[in-house]
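One file, my_file33.tsv, carrying TSV, C-alpha atoms:
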```tsv
chain	number	residue	atom	x	y	z
A	1	MET	CA	93.09	63.72	133.86
A	2	ASP	CA	93.96	66.83	135.90
A	3	GLU	CA	96.44	68.03	133.30
A	4	PRO	CA	93.86	68.83	130.50
A	5	ARG	CA	91.55	70.48	133.04
A	6	ASP	CA	94.41	72.70	134.29
A	7	LEU	CA	95.27	73.60	130.69
A	8	ARG	CA	91.62	74.42	129.92
A	9	ASP	CA	91.39	76.60	133.05
A	10	LYS	CA	94.56	78.44	132.04
A	11	VAL	CA	93.24	79.04	128.49
A	12	VAL	CA	89.86	80.24	129.78
A	13	GLY	CA	91.63	82.49	132.29
A	14	ALA	CA	93.91	83.94	129.61
A	15	LEU	CA	90.93	84.55	127.30
A	16	GLY	CA	89.12	86.28	130.17
A	17	VAL	CA	92.10	88.58	130.74
A	18	VAL	CA	92.31	89.36	127.00
A	19	LEU	CA	88.59	90.15	126.94
A	20	VAL	CA	88.84	92.49	129.94
A	21	VAL	CA	91.86	94.29	128.44
A	22	ALA	CA	90.05	94.65	125.09
A	23	LEU	CA	86.97	96.09	126.82
A	24	VAL	CA	89.07	98.59	128.78
A	25	ILE	CA	91.00	99.71	125.68
A	26	GLY	CA	87.81	99.87	123.58
A	27	GLY	CA	86.01	101.85	126.27
A	28	ALA	CA	88.90	104.31	126.56
A	29	ALA	CA	89.10	104.73	122.78
A	30	GLY	CA	85.34	105.24	122.60
A	31	ALA	CA	85.45	107.88	125.35
A	32	VAL	CA	88.26	109.73	123.56
A	33	ALA	CA	86.37	109.61	120.24
A	34	TYR	CA	83.15	110.78	121.91
A	35	GLY	CA	84.99	113.68	123.53
A	36	ALA	CA	86.60	114.64	120.22
A	37	VAL	CA	83.23	114.62	118.42
A	38	ARG	CA	81.60	116.69	121.19
A	39	ALA	CA	84.48	119.19	121.17
A	40	SER	CA	84.38	119.57	117.37
A	41	GLY	CA	80.64	120.31	117.34
A	42	ILE	CA	79.82	117.61	114.81
A	43	THR	CA	76.21	116.50	115.17
A	44	ALA	CA	74.20	113.60	113.81
A	45	ALA	CA	71.33	115.55	112.29
A	46	GLY	CA	70.03	112.82	109.99
A	47	ALA	CA	71.06	110.42	107.29
A	48	ALA	CA	73.13	111.83	104.45
A	49	ALA	CA	72.59	111.02	100.81
A	50	PRO	CA	75.21	108.51	99.65
A	51	SER	CA	76.89	111.20	97.57
A	52	SER	CA	77.36	113.74	100.34
A	53	VAL	CA	79.60	114.24	103.33
A	54	ALA	CA	79.45	117.15	105.73
A	55	ALA	CA	80.69	118.47	109.03
A	56	SER	CA	79.40	121.10	111.37
A	57	VAL	CA	81.34	123.73	113.19
A	58	SER	CA	80.06	125.44	116.28
A	59	PRO	CA	80.63	129.15	115.59
A	60	SER	CA	81.90	131.82	117.94
A	61	ALA	CA	81.89	135.55	117.62
A	62	SER	CA	85.66	135.89	117.82
A	63	ALA	CA	87.07	132.81	116.09
A	64	SER	CA	85.95	129.74	114.25
A	65	ALA	CA	87.53	126.29	114.47
A	66	THR	CA	87.17	124.49	111.18
A	67	PRO	CA	87.86	120.73	111.06
A	68	SER	CA	88.83	120.49	107.44
A	69	PRO	CA	91.16	118.03	105.76
A	70	SER	CA	92.11	120.73	103.28
A	71	PRO	CA	91.68	124.17	104.84
A	72	SER	CA	90.39	126.91	102.62
A	73	PRO	CA	90.55	130.58	103.46
A	74	VAL	CA	87.44	132.22	104.83
A	75	PRO	CA	86.47	135.14	102.61
A	76	THR	CA	87.11	138.58	104.02
A	77	HIS	CA	85.02	141.62	103.33
A	78	SER	CA	86.74	144.67	101.95
A	79	ALA	CA	86.53	147.89	103.89
A	80	SER	CA	83.99	150.38	102.67
A	81	PRO	CA	84.05	154.14	103.03
A	82	THR	CA	82.56	155.62	106.20
A	83	PRO	CA	78.88	156.28	105.54
A	84	SER	CA	77.45	159.77	105.83
A	85	PRO	CA	75.19	160.58	108.82
A	86	ALA	CA	72.13	160.44	106.56
A	87	HIS	CA	73.18	157.03	105.27
A	88	HIS	CA	73.88	155.91	108.86
A	89	ALA	CA	70.35	156.89	109.94
A	90	GLY	CA	68.95	154.86	107.04
A	91	ALA	CA	71.08	151.90	108.06
A	92	GLN	CA	69.76	152.15	111.63
A	93	HIS	CA	66.22	152.13	110.26
A	94	LYS	CA	66.97	149.01	108.19
A	95	LYS	CA	68.56	147.28	111.19
A	96	LYS	CA	65.37	147.71	113.17
A	97	HIS	CA	63.37	146.04	110.43
A	98	ARG	CA	65.98	143.30	109.99
A	99	HIS	CA	65.77	142.16	113.63
A	100	GLY	CA	64.92	138.49	113.55
A	101	ARG	CA	65.48	138.11	109.81
A	102	LEU	CA	67.41	134.95	108.99
A	103	THR	CA	70.05	135.55	106.30
A	104	LEU	CA	72.43	133.14	104.57
A	105	SER	CA	75.30	133.36	102.11
A	106	ALA	CA	77.56	130.69	100.60
A	107	HIS	CA	81.22	130.96	99.62
A	108	PRO	CA	82.39	129.95	97.06
A	109	ARG	CA	79.44	129.76	94.72
A	110	ARG	CA	81.14	127.15	92.49
A	111	VAL	CA	83.15	124.17	93.83
A	112	ARG	CA	84.59	120.83	92.77
A	113	PRO	CA	82.69	117.74	93.94
A	114	MET	CA	83.16	117.40	97.71
A	115	GLY	CA	84.69	120.88	97.88
A	116	ARG	CA	84.18	122.97	100.99
A	117	ILE	CA	81.19	125.34	100.96
A	118	ASP	CA	81.15	127.88	103.79
A	119	LEU	CA	77.66	128.87	104.94
A	120	VAL	CA	77.49	132.07	107.00
A	121	GLY	CA	74.63	134.26	108.05
A	122	SER	CA	72.92	136.31	110.70
A	123	TYR	CA	69.85	135.92	112.89
A	124	ARG	CA	69.78	138.97	115.16
A	125	GLY	CA	67.98	138.63	118.45
A	126	HIS	CA	68.01	134.83	118.35
A	127	GLY	CA	71.18	133.91	120.25
A	128	GLY	CA	71.38	130.19	120.99
A	129	ALA	CA	68.93	129.27	118.22
A	130	HIS	CA	69.61	125.82	116.72
A	131	LEU	CA	69.68	125.93	112.91
A	132	VAL	CA	69.72	122.94	110.58
A	133	VAL	CA	70.93	123.02	106.98
A	134	GLN	CA	68.52	121.86	104.30
A	135	ARG	CA	69.11	121.07	100.61
A	136	ARG	CA	66.47	121.11	97.88
A	137	ILE	CA	66.18	117.72	96.17
A	138	GLY	CA	63.41	116.78	93.75
A	139	GLY	CA	61.30	119.82	94.61
A	140	HIS	CA	61.45	119.17	98.37
A	141	TRP	CA	63.64	120.56	101.15
A	142	ARG	CA	65.54	117.69	102.78
A	143	ARG	CA	67.48	117.95	106.01
A	144	PHE	CA	71.24	117.93	105.40
A	145	PRO	CA	73.27	116.33	108.22
A	146	VAL	CA	74.69	119.64	109.43
A	147	SER	CA	73.55	122.04	112.13
A	148	THR	CA	74.88	125.15	113.84
A	149	THR	CA	74.05	127.50	116.69
A	150	VAL	CA	73.53	131.28	116.55
A	151	ARG	CA	76.05	133.21	118.67
A	152	GLY	CA	76.12	136.98	118.84
A	153	GLY	CA	73.49	137.17	116.12
A	154	ARG	CA	75.68	135.25	113.65
A	155	PHE	CA	76.31	131.66	112.63
A	156	ARG	CA	78.85	129.77	110.54
A	157	THR	CA	79.17	126.19	109.32
A	158	TRP	CA	80.29	124.36	106.19
A	159	VAL	CA	79.14	121.54	103.97
A	160	SER	CA	80.47	119.38	101.14
A	161	SER	CA	78.44	117.88	98.31
A	162	GLY	CA	79.16	115.37	95.60
A	163	ARG	CA	75.83	116.08	93.86
A	164	HIS	CA	76.78	117.63	90.48
A	165	GLY	CA	74.97	120.70	89.21
A	166	LYS	CA	73.03	123.36	91.10
A	167	ASN	CA	72.68	122.70	94.83
A	168	LEU	CA	70.24	124.91	96.74
A	169	PHE	CA	70.83	125.28	100.48
A	170	ARG	CA	69.00	127.09	103.26
A	171	VAL	CA	68.97	127.03	107.06
A	172	ARG	CA	65.91	126.47	109.26
A	173	ASP	CA	65.33	127.41	112.91
A	174	THR	CA	64.22	124.16	114.57
A	175	ARG	CA	62.24	125.99	117.25
A	176	THR	CA	60.37	128.66	115.27
A	177	GLY	CA	60.41	127.12	111.78
A	178	ALA	CA	61.87	130.32	110.29
A	179	VAL	CA	63.89	129.70	107.12
A	180	SER	CA	66.56	131.69	105.31
A	181	PRO	CA	66.41	132.54	101.63
A	182	ALA	CA	68.00	129.80	99.52
A	183	VAL	CA	71.54	130.10	98.19
A	184	THR	CA	72.74	128.30	95.04
A	185	VAL	CA	76.11	126.61	94.73
A	186	VAL	CA	77.22	124.90	91.50
A	187	VAL	CA	79.10	121.65	92.08
A	188	GLY	CA	81.22	120.19	89.30
```
Please re-express this file's structure in structure tokens.
Amino acid sequence: MDEPRDLRDKVVGALGVVLVVALVIGGAAGAVAYGAVRASGITAAGAAAPSSVAASVSPSASASATPSPSPSPVPTHSASPTPSPAHHAGAQHKKKHRHGRLTLSAHPRRVRPMGRIDLVGSYRGHGGAHLVVQRRIGGHWRRFPVSTTVRGGRFRTWVSSGRHGKNLFRVRDTRTGAVSPAVTVVVG
């Protein structure tokens, strides 16, 4: 009678060891995944529509890390001639009025379904502001599961959409409620 009890104890002991090892490995894998998500800047800003996938990149003034399965070049701006002093004074005047204005642009303006759409903009004087991306659906602005932070008066993130046709995007300051003008991107 002792033989089956010893066998049962050995099996229970072995299962206990397997369970402990599985918990340790699972915990370690979870910690690594959590660290990777935190380092990449991806946030869970809400539920996505079934046809959309997106990622968020935490911008920096000097460089931008972009977790993209298929990297696409970030558009560069061509150099413009040096403005005259009179033009420069006008630009200074405009800058004063633009303080706090939330701007947004999208590149490219036409993409394949699930293609990368870079969203960049400025929000001078609002360093550290948390911005969420919104998309217009059925006449209402819906939160898109992407957010970014203003650094040095600028921000950068990207989205992907499988929703064919015109997609309107904007960003919203979660603290003040300020919104950018909408940008249109054609998908398809």
task = Quick one: pull the distance between CA of Gly128 in chain A and CA of Thr184 in chain A, Å, one decimal.
result =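 Value for the CA of Gly128 in chain A-CA of Thr184 in chain A distance: 26.1 Å.
CA of Leu119 in chain A lies 18.2 Å from CA of Gly188 in chain A.
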CA of Ala178 in chain A to CA of Leu102 in chain A, distance in Å rounded to a single decimal =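 Answer for the CA of Ala178 in chain A to CA of Leu102 in chain A separation: 7.3 Å.
Minimum atom-to-atom distance to Val179 in chain A, evaluated using only C-alpha atoms, belongs to A:Gly121 out of A:Pro113, A:Gly121, A:Gly30, A:Pro4.
Counting all atoms listed in the file, the residue from A:Val120, A:Leu168, A:Val132, A:Ile137 that sits nearest to Gly153 in chain A is A:Val120.
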inquiry  = Ranking A:Gln134, A:Thr176, A:Ser105, A:Ser122 by minimum distance to Arg151 in chain A and counting all atoms listed in the file, which one comes first?
reply    =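 That would be A:Ser122, the residue with the smallest distance to Arg151 in chain A.
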inquiry  = Would you pick out the contacts of Pro108 in chain A at 9 Å or less, using all atoms listed in the file, so that residues sharing its chain but fewer than 2 positions from it are not included, and give the list as a PyMOL selection string?
reply    = chain A and resi 75+106+110-111+116-118+185
